[in-house]
Amino acid sequence: MQAVNLRIFRLAYWLVRLRWFAILGIVVAYFTAINFLHITIWTLPVYIIIAFLIFLNLISFSLLKFLQRSNIKKSLRIVNLIINFQISTDLIVLTFLLHYSGGVENPFIVYYIFHMIIGSIILSTIESLLQTSLALILVGAMTFLEYTGILKHYPLEGFIITNMYNNLTYLICTGLIFVTTSYFVVYITKTIILEARKHELAYLEANLKLKQKEKIKNEYVMRITHDIKGHITAIQSCINTLHNKISGPLNVQQEDFVNRAHSRLGILNKFISDLLNLTQRKLQQKQDKKYFDLKQTIEESMKITENYAIEKEISLTKKIDTSINEIYGEQSSIEEVLINLLINAIKYSPSGKNVTITAEDAGEAVLIEVIDNGIGIPEGETGLIFNDFYRASNAKNITNDGTGLGLAITKHIIESHGGKIWVNSKPDKGTTFSLLLKKGK
Ligand code: ADP
């Protein structure tokens with residue numbers, strides 16, 4: 001339903017834009033005809049028509065904006081009425097323009113066809129047939145009234161040499177061609193549009209089903225991981241008792257087994273926690289966003305990762321623009337992103353290297369970068385590292401301490417904040433993760 005609503009507004013705005021082009025076209029055609037082709041055209045009606053079109057377009061545009069903002073229930077019907085009114089008015093205006101510039105003799109008569117195509121794209125079949133019939137009635141009436149002399153004929157002096165508006169054979173033949181072409185154009189355009197719409201609906205339906213399946217899958221994963229996590233926590237507390245020798249001393253073999261179980265449980269726990277975190281985030285509808293101090297959050301995430309850096313003998317530095325202060329978002333999630341990136345930078349750097357976090361003003365946004373001179377990412381794998389569970393080949397070689405979910409969580413958080421994340425990396429030279437975060441809502 002939302003897609004349909006958006007579509008009708010999009011088409012209505014498209015029509016407004018087309019009319020600006022039409023107005024420009026009339027102005028250019030008129031001045032070219034007068035000044036370069038030296039054709040005689042009665043000026044006043046053209047000026048009035050241009051002014052009327054500008055006025056109408058401004059009104060239509062403002063009305064559409066108003067309807068889009070106000071959640072009026074009947075707004076779709078009103079937009080449809082505006083479109084119908086716009087197209088009918090355009091047909092009447094075109095007839096007036098033609099009448100004052102040669103009538104049926106003016107080659108611009110073919111421009112009715114554009115209206116028929118536009119009408120067939122935007123309107124229902126009945127409405128587009130009615131608009132086409134209106135166009136034919138208008139042309140027919142103009143031709144008849146000029147032919148019978150009821151209306152004055154304004155010849156295009158200097159352009160059309162012989163009078164055709166009073167040549168009955170010409171009028172009948174042109175009329176027949178015009179009527180058949182018009183309905184045929186509507187038929188062809190409508191067939192193409194209906195076919196395209198069928199595909200669009202099928203695509204929307206498939207997309208919806210896919211989303212529903214994804215939701216069911218996520219709910220399923222969340223339930224399982226949640227249950228497993230409960231059991232792991234219970235096992236971990238028992239193993240910890242043994243590991244910390246609270247229940248008494250262990251012999252060498254027992255200690256070896258307990259140490260291995262303790263380490264594997266740690267990895268399993270991290271994996272389940274990351275999976276639960278990512279799934280919960282995918283299912284989460286709302287976030288707790290507010291303005292928070294970004295500089296303070298960067299410093300906090302550095303404090304949290306500081307011990308790990310010291311342990312690995314890596315120096316952690318920051319370069320934050322003095323202008324950086326508040327941004328809009330979920331503070332805890334952004335902090336989680338920064339911690340993820342800092343931990344990765346430390347984890348995938350050999351001892352003695354540097355890790356730097358920078359934040360600079362980028363107008364409406366803030367650019368944050370986490371730079372390391374670590375192992376880098378092999379060529380051809382940078383595009384994959386944000387996928388769930390993906391770990392690059394060189395990372396797997398140096399440590400099995402990783403779930404391949406950290407960057408998937410990071411990307412999800414950044415995108416749910418309307419931001420962007422990307423990576424630049426050279427194997428054995430280092431990696432830079434860049435984040436662009438909007439400052440405001
Ligand atoms: P992991 O738990 O394996 O670190 P992530 O999702 O955080 O999972 O990262 C996915 C993969 O991206 C990592 O396994 C590693 O191959 C690569 N990666 C992430 N950060 C870096 C980095 N700073 N330097 C080199 N490789 C990195």
# chains A, B, ... in the order shown; residues from 1 in each chain; ligands from 1
call {"tool": "residues_near_ligand", "arguments": {"ligand": "ligand 1", "cutoff": "6 Å", "atoms": "only C-alpha atoms and all ligand atoms", "output": "list in words"}}
result
Asn344, Ala345, Tyr348, Gly374, Ile375, Gly376, Ile377, Ile385, Tyr390, Arg391, Ala392, Ala395, Gly402, Thr403, Gly404, Leu405, Gly406, Leu407, Ala408 and Thr431 of chain A
call {"tool": "residues_around", "arguments": {"residues": "Arg19 in chain A", "least_positions_apart": "2", "cutoff": "10 Å", "atoms": "only C-alpha atoms", "output": "PDB file with C-alpha atoms, in the first residue's frame"}}
result
ATOM      1  CA  TYR A  13       5.311  15.403  -9.196  1.00  0.00           C
ATOM      2  CA  TRP A  14       6.579  14.036 -12.503  1.00  0.00           C
ATOM      3  CA  LEU A  15       3.592  15.661 -14.222  1.00  0.00           C
ATOM      4  CA  VAL A  16       4.385  18.988 -12.526  1.00  0.00           C
ATOM      5  CA  ARG A  17       8.001  18.737 -13.712  1.00  0.00           C
ATOM      6  CA  PHE A  21       9.378  21.741 -19.470  1.00  0.00           C
ATOM      7  CA  ALA A  22       6.217  22.320 -21.514  1.00  0.00           C
ATOM      8  CA  ILE A  23       6.108  25.967 -20.401  1.00  0.00           C
ATOM      9  CA  LEU A  24       9.748  26.398 -21.364  1.00  0.00           C
ATOM     10  CA  GLY A  25       9.006  24.671 -24.668  1.00  0.00           C
ATOM     11  CA  LEU A  53       0.187  27.489 -16.767  1.00  0.00           C
ATOM     12  CA  ILE A  54       2.785  28.853 -14.331  1.00  0.00           C
ATOM     13  CA  LEU A  56      -1.590  26.282 -12.218  1.00  0.00           C
ATOM     14  CA  ASN A  57       1.690  24.448 -11.787  1.00  0.00           C
ATOM     15  CA  GLN A  86      -4.090  18.849 -14.732  1.00  0.00           C
ATOM     16  CA  ILE A  87      -4.279  16.675 -17.834  1.00  0.00           C
ATOM     17  CA  ASP A  90      -3.441  20.892 -20.409  1.00  0.00           C
TER      18      ASP A  90
END
call {"tool": "residues_around", "arguments": {"residues": "Ile39 in chain A", "least_positions_apart": "6", "cutoff": "7 Å", "atoms": "only C-alpha atoms", "output": "ChimeraX atom specification"}}
result
/A:33,156-159
call {"tool": "closest_atom_pairs", "arguments": {"of": "range 171-254 of chain A", "to": "range 98-112 of chain A", "cutoff": "9 Å", "atoms": "only C-alpha atoms", "output": "Markdown table"}}
result
| residue | atom | partner | partner_atom | distance |
| --- | --- | --- | --- | --- |
| A:Leu171 | CA | A:Val104 | CA | 8.2 |
| A:Thr174 | CA | A:Val104 | CA | 9.0 |
| A:Phe178 | CA | A:Val110 | CA | 8.4 |
| A:Ser182 | CA | A:Tyr112 | CA | 8.2 |
call {"tool": "residues_around", "arguments": {"residues": "Ala359 in chain A", "least_positions_apart": "2", "cutoff": "10 Å", "atoms": "only C-alpha atoms", "output": "number ranges by chain"}}
result
A: 294-295, 298, 318-324, 357, 361-362, 366-370, 434-436
call {"tool": "atom_distance", "arguments": {"atom1": "CA of Thr297 in chain A", "atom2": "CA of Glu311 in chain A"}}
result
22.4 Å
call {"tool": "select_by_dssp", "arguments": {"residues": "range 298-426 of chain A", "states": "strand (DSSP E or B)", "output": "count of residues only"}}
result
34
call {"tool": "closest_residue", "arguments": {"among": "A:Met302, A:Ile59, A:Leu276, A:Ile34", "to": "His226 in chain A", "atoms": "only C-alpha atoms"}}
result
A:Leu276
call {"tool": "residues_around", "arguments": {"residues": "Asn424 in chain A", "least_positions_apart": "5", "cutoff": "8 Å", "atoms": "only C-alpha atoms", "output": "count of residues only"}}
result
4
call {"tool": "closest_residue", "arguments": {"among": "A:Ala365, A:Ile414, A:Leu342, A:Ile118", "to": "Phe386 in chain A", "atoms": "only C-alpha atoms"}}
result
A:Ile414
call {"tool": "atom_distance", "arguments": {"atom1": "CA of Thr132 in chain A", "atom2": "CA of Leu58 in chain A"}}
result
25.0 Å
call {"tool": "atom_distance", "arguments": {"atom1": "CA of Leu194 in chain A", "atom2": "CA of Leu81 in chain A"}}
result
20.6 Å
call {"tool": "residues_around", "arguments": {"residues": "Phe144 in chain A", "least_positions_apart": "3", "cutoff": "12 Å", "atoms": "only C-alpha atoms", "output": "PyMOL selection string"}}
result
chain A and resi 99+103-104+136-141+147-153+165-168+171-172+175
call {"tool": "write_last_selection", "arguments": {"atoms": "N, CA, C and O atoms", "output": "mmCIF file, in the first residue's frame"}}
result
data_model
loop_
_atom_site.group_PDB
_atom_site.id
_atom_site.type_symbol
_atom_site.label_atom_id
_atom_site.label_comp_id
_atom_site.auth_asym_id
_atom_site.auth_seq_id
_atom_site.Cartn_x
_atom_site.Cartn_y
_atom_site.Cartn_z
ATOM 1 N N HIS A 99 -5.533 27.000 -31.508
ATOM 2 C CA HIS A 99 -6.541 27.832 -32.159
ATOM 3 C C HIS A 99 -5.958 29.197 -32.546
ATOM 4 O O HIS A 99 -6.209 29.694 -33.644
ATOM 5 N N GLY A 103 -4.657 26.629 -35.819
ATOM 6 C CA GLY A 103 -5.659 25.564 -35.636
ATOM 7 C C GLY A 103 -5.148 24.231 -36.146
ATOM 8 O O GLY A 103 -4.017 23.834 -35.873
ATOM 9 N N VAL A 104 -5.986 23.564 -36.935
ATOM 10 C CA VAL A 104 -5.653 22.220 -37.396
ATOM 11 C C VAL A 104 -4.427 22.214 -38.325
ATOM 12 O O VAL A 104 -3.816 21.173 -38.570
ATOM 13 N N LEU A 136 -10.034 14.566 -28.348
ATOM 14 C CA LEU A 136 -10.608 14.470 -29.705
ATOM 15 C C LEU A 136 -11.805 15.404 -29.861
ATOM 16 O O LEU A 136 -11.973 16.035 -30.905
ATOM 17 N N ILE A 137 -12.615 15.527 -28.806
ATOM 18 C CA ILE A 137 -13.763 16.443 -28.860
ATOM 19 C C ILE A 137 -13.264 17.884 -29.031
ATOM 20 O O ILE A 137 -13.775 18.659 -29.839
ATOM 21 N N LEU A 138 -12.219 18.226 -28.260
ATOM 22 C CA LEU A 138 -11.680 19.600 -28.335
ATOM 23 C C LEU A 138 -11.147 19.908 -29.731
ATOM 24 O O LEU A 138 -11.458 20.956 -30.312
ATOM 25 N N VAL A 139 -10.353 18.971 -30.292
ATOM 26 C CA VAL A 139 -9.800 19.201 -31.634
ATOM 27 C C VAL A 139 -10.944 19.254 -32.651
ATOM 28 O O VAL A 139 -10.976 20.131 -33.526
ATOM 29 N N GLY A 140 -11.902 18.314 -32.490
ATOM 30 C CA GLY A 140 -13.045 18.259 -33.419
ATOM 31 C C GLY A 140 -13.826 19.560 -33.380
ATOM 32 O O GLY A 140 -14.156 20.139 -34.432
ATOM 33 N N ALA A 141 -14.096 20.047 -32.147
ATOM 34 C CA ALA A 141 -14.893 21.276 -32.001
ATOM 35 C C ALA A 141 -14.154 22.462 -32.612
ATOM 36 O O ALA A 141 -14.731 23.266 -33.347
ATOM 37 N N TYR A 147 -13.980 25.763 -39.339
ATOM 38 C CA TYR A 147 -14.410 25.400 -40.699
ATOM 39 C C TYR A 147 -15.708 26.127 -41.049
ATOM 40 O O TYR A 147 -15.882 26.666 -42.138
ATOM 41 N N THR A 148 -16.629 26.140 -40.057
ATOM 42 C CA THR A 148 -17.926 26.777 -40.330
ATOM 43 C C THR A 148 -17.854 28.295 -40.197
ATOM 44 O O THR A 148 -18.824 28.990 -40.475
ATOM 45 N N GLY A 149 -16.727 28.806 -39.730
ATOM 46 C CA GLY A 149 -16.573 30.259 -39.615
ATOM 47 C C GLY A 149 -17.142 30.811 -38.331
ATOM 48 O O GLY A 149 -17.151 32.024 -38.123
ATOM 49 N N ILE A 150 -17.654 29.942 -37.455
ATOM 50 C CA ILE A 150 -18.187 30.432 -36.170
ATOM 51 C C ILE A 150 -17.036 31.029 -35.349
ATOM 52 O O ILE A 150 -17.179 32.054 -34.708
ATOM 53 N N LEU A 151 -15.890 30.335 -35.412
ATOM 54 C CA LEU A 151 -14.697 30.889 -34.762
ATOM 55 C C LEU A 151 -13.757 31.396 -35.843
ATOM 56 O O LEU A 151 -13.667 30.788 -36.924
ATOM 57 N N LYS A 152 -13.062 32.477 -35.512
ATOM 58 C CA LYS A 152 -12.107 33.037 -36.478
ATOM 59 C C LYS A 152 -10.920 32.082 -36.650
ATOM 60 O O LYS A 152 -10.489 31.450 -35.678
ATOM 61 N N HIS A 153 -10.424 31.981 -37.854
ATOM 62 C CA HIS A 153 -9.231 31.168 -38.093
ATOM 63 C C HIS A 153 -8.001 32.097 -38.072
ATOM 64 O O HIS A 153 -7.979 33.112 -38.735
ATOM 65 N N TYR A 165 -7.619 24.521 -43.331
ATOM 66 C CA TYR A 165 -8.656 24.409 -42.293
ATOM 67 C C TYR A 165 -10.055 24.332 -42.899
ATOM 68 O O TYR A 165 -10.998 23.885 -42.262
ATOM 69 N N ASN A 166 -10.194 24.790 -44.196
ATOM 70 C CA ASN A 166 -11.522 24.723 -44.806
ATOM 71 C C ASN A 166 -11.573 23.721 -45.968
ATOM 72 O O ASN A 166 -12.462 23.767 -46.801
ATOM 73 N N ASN A 167 -10.586 22.817 -45.996
ATOM 74 C CA ASN A 167 -10.576 21.782 -47.023
ATOM 75 C C ASN A 167 -11.146 20.503 -46.399
ATOM 76 O O ASN A 167 -10.507 19.836 -45.596
ATOM 77 N N LEU A 168 -12.398 20.174 -46.774
ATOM 78 C CA LEU A 168 -13.131 19.098 -46.103
ATOM 79 C C LEU A 168 -12.426 17.745 -46.230
ATOM 80 O O LEU A 168 -12.338 16.991 -45.256
ATOM 81 N N LEU A 171 -9.602 17.621 -43.891
ATOM 82 C CA LEU A 171 -10.055 17.542 -42.493
ATOM 83 C C LEU A 171 -10.545 16.151 -42.136
ATOM 84 O O LEU A 171 -10.229 15.620 -41.071
ATOM 85 N N ILE A 172 -11.298 15.521 -43.056
ATOM 86 C CA ILE A 172 -11.841 14.183 -42.768
ATOM 87 C C ILE A 172 -10.686 13.174 -42.650
ATOM 88 O O ILE A 172 -10.618 12.389 -41.686
ATOM 89 N N GLY A 175 -8.646 13.856 -39.565
ATOM 90 C CA GLY A 175 -9.464 13.489 -38.400
ATOM 91 C C GLY A 175 -9.423 11.993 -38.163
ATOM 92 O O GLY A 175 -9.211 11.541 -37.029
#
call {"tool": "residues_around", "arguments": {"residues": "Thr191 in chain A", "least_positions_apart": "3", "cutoff": "12 Å", "atoms": "only C-alpha atoms", "output": "list in words"}}
result
Ile117, Ser120, Ile121, Ser124, Thr125, Phe184, Val185, Val186, Tyr187, Ile188, Leu194, Glu195, Ala196, Arg197 and Lys198 of chain A
call {"tool": "decode", "arguments": {"residues": "range 253-267 of chain A", "atoms": "all heavy atoms", "output": "short mmCIF file (atom, residue, chain, number, x, y, z; two decimals), in the first residue's frame"}}
result
data_model
loop_
_atom_site.label_atom_id
_atom_site.label_comp_id
_atom_site.auth_asym_id
_atom_site.auth_seq_id
_atom_site.Cartn_x
_atom_site.Cartn_y
_atom_site.Cartn_z
N GLN A 253 46.65 -33.05 34.69
CA GLN A 253 45.77 -33.46 33.58
C GLN A 253 44.40 -32.79 33.69
O GLN A 253 43.85 -32.26 32.71
CB GLN A 253 45.63 -34.98 33.60
CG GLN A 253 45.19 -35.50 32.24
CD GLN A 253 44.98 -37.01 32.27
OE1 GLN A 253 44.76 -37.60 33.34
NE2 GLN A 253 45.06 -37.63 31.13
N GLN A 254 43.86 -32.79 34.95
CA GLN A 254 42.55 -32.15 35.16
C GLN A 254 42.63 -30.67 34.79
O GLN A 254 41.74 -30.11 34.14
CB GLN A 254 42.13 -32.29 36.63
CG GLN A 254 41.65 -33.67 36.99
CD GLN A 254 41.54 -33.83 38.51
OE1 GLN A 254 42.19 -33.12 39.29
NE2 GLN A 254 40.72 -34.79 38.93
N GLU A 255 43.73 -30.04 35.21
CA GLU A 255 43.90 -28.61 34.94
C GLU A 255 43.94 -28.34 33.43
O GLU A 255 43.33 -27.39 32.95
CB GLU A 255 45.17 -28.10 35.61
CG GLU A 255 45.18 -26.59 35.67
CD GLU A 255 46.24 -26.02 36.60
OE1 GLU A 255 46.75 -26.76 37.45
OE2 GLU A 255 46.51 -24.83 36.45
N ASP A 256 44.62 -29.23 32.72
CA ASP A 256 44.70 -29.07 31.26
C ASP A 256 43.31 -29.16 30.62
O ASP A 256 42.92 -28.33 29.80
CB ASP A 256 45.64 -30.17 30.71
CG ASP A 256 45.77 -30.05 29.20
OD1 ASP A 256 45.89 -28.90 28.72
OD2 ASP A 256 45.74 -31.09 28.51
N PHE A 257 42.52 -30.17 31.05
CA PHE A 257 41.17 -30.34 30.52
C PHE A 257 40.29 -29.12 30.84
O PHE A 257 39.58 -28.59 30.00
CB PHE A 257 40.50 -31.60 31.09
CG PHE A 257 40.97 -32.86 30.41
CD1 PHE A 257 41.30 -34.00 31.16
CD2 PHE A 257 41.08 -32.94 29.02
CE1 PHE A 257 41.71 -35.17 30.55
CE2 PHE A 257 41.50 -34.12 28.40
CZ PHE A 257 41.82 -35.23 29.16
N VAL A 258 40.38 -28.69 32.10
CA VAL A 258 39.54 -27.57 32.53
C VAL A 258 39.93 -26.29 31.77
O VAL A 258 39.07 -25.54 31.32
CB VAL A 258 39.66 -27.36 34.07
CG1 VAL A 258 39.04 -26.04 34.49
CG2 VAL A 258 38.98 -28.50 34.80
N ASN A 259 41.24 -26.09 31.59
CA ASN A 259 41.69 -24.90 30.84
C ASN A 259 41.14 -24.92 29.41
O ASN A 259 40.69 -23.90 28.89
CB ASN A 259 43.21 -24.85 30.79
CG ASN A 259 43.77 -24.30 32.08
OD1 ASN A 259 43.03 -23.79 32.92
ND2 ASN A 259 45.08 -24.44 32.27
N ARG A 260 41.20 -26.09 28.79
CA ARG A 260 40.71 -26.19 27.40
C ARG A 260 39.20 -25.95 27.33
O ARG A 260 38.71 -25.23 26.48
CB ARG A 260 41.06 -27.55 26.82
CG ARG A 260 42.51 -27.54 26.31
CD ARG A 260 42.74 -28.65 25.34
NE ARG A 260 43.35 -29.79 26.00
CZ ARG A 260 43.39 -31.02 25.49
NH1 ARG A 260 42.81 -31.26 24.33
NH2 ARG A 260 44.00 -31.99 26.12
N ALA A 261 38.50 -26.57 28.29
CA ALA A 261 37.03 -26.40 28.32
C ALA A 261 36.69 -24.93 28.56
O ALA A 261 35.78 -24.35 27.93
CB ALA A 261 36.42 -27.27 29.41
N HIS A 262 37.45 -24.30 29.47
CA HIS A 262 37.22 -22.89 29.81
C HIS A 262 37.41 -21.99 28.57
O HIS A 262 36.59 -21.12 28.28
CB HIS A 262 38.19 -22.50 30.94
CG HIS A 262 38.00 -21.08 31.39
ND1 HIS A 262 38.79 -20.07 30.96
CD2 HIS A 262 37.09 -20.54 32.24
CE1 HIS A 262 38.40 -18.94 31.51
NE2 HIS A 262 37.36 -19.21 32.30
N SER A 263 38.50 -22.25 27.83
CA SER A 263 38.79 -21.42 26.65
C SER A 263 37.74 -21.63 25.55
O SER A 263 37.24 -20.68 24.94
CB SER A 263 40.22 -21.73 26.19
OG SER A 263 40.31 -21.71 24.81
N ARG A 264 37.39 -22.91 25.29
CA ARG A 264 36.38 -23.19 24.26
C ARG A 264 35.02 -22.59 24.63
O ARG A 264 34.29 -22.08 23.78
CB ARG A 264 36.21 -24.69 24.04
CG ARG A 264 37.35 -25.32 23.26
CD ARG A 264 37.36 -24.74 21.85
NE ARG A 264 38.52 -25.15 21.13
CZ ARG A 264 38.54 -26.08 20.19
NH1 ARG A 264 37.43 -26.68 19.83
NH2 ARG A 264 39.65 -26.41 19.59
N LEU A 265 34.70 -22.66 25.93
CA LEU A 265 33.42 -22.09 26.37
C LEU A 265 33.37 -20.59 26.15
O LEU A 265 32.35 -20.02 25.78
CB LEU A 265 33.20 -22.39 27.85
CG LEU A 265 32.31 -23.58 28.17
CD1 LEU A 265 32.21 -23.76 29.66
CD2 LEU A 265 30.91 -23.40 27.59
N GLY A 266 34.53 -19.95 26.36
CA GLY A 266 34.64 -18.50 26.13
C GLY A 266 34.31 -18.17 24.68
O GLY A 266 33.53 -17.25 24.38
N ILE A 267 34.91 -18.96 23.75
CA ILE A 267 34.69 -18.73 22.31
C ILE A 267 33.21 -18.97 21.97
O ILE A 267 32.58 -18.17 21.28
CB ILE A 267 35.60 -19.65 21.47
CG1 ILE A 267 37.08 -19.27 21.69
CG2 ILE A 267 35.24 -19.59 20.00
CD1 ILE A 267 38.09 -20.23 21.06
#
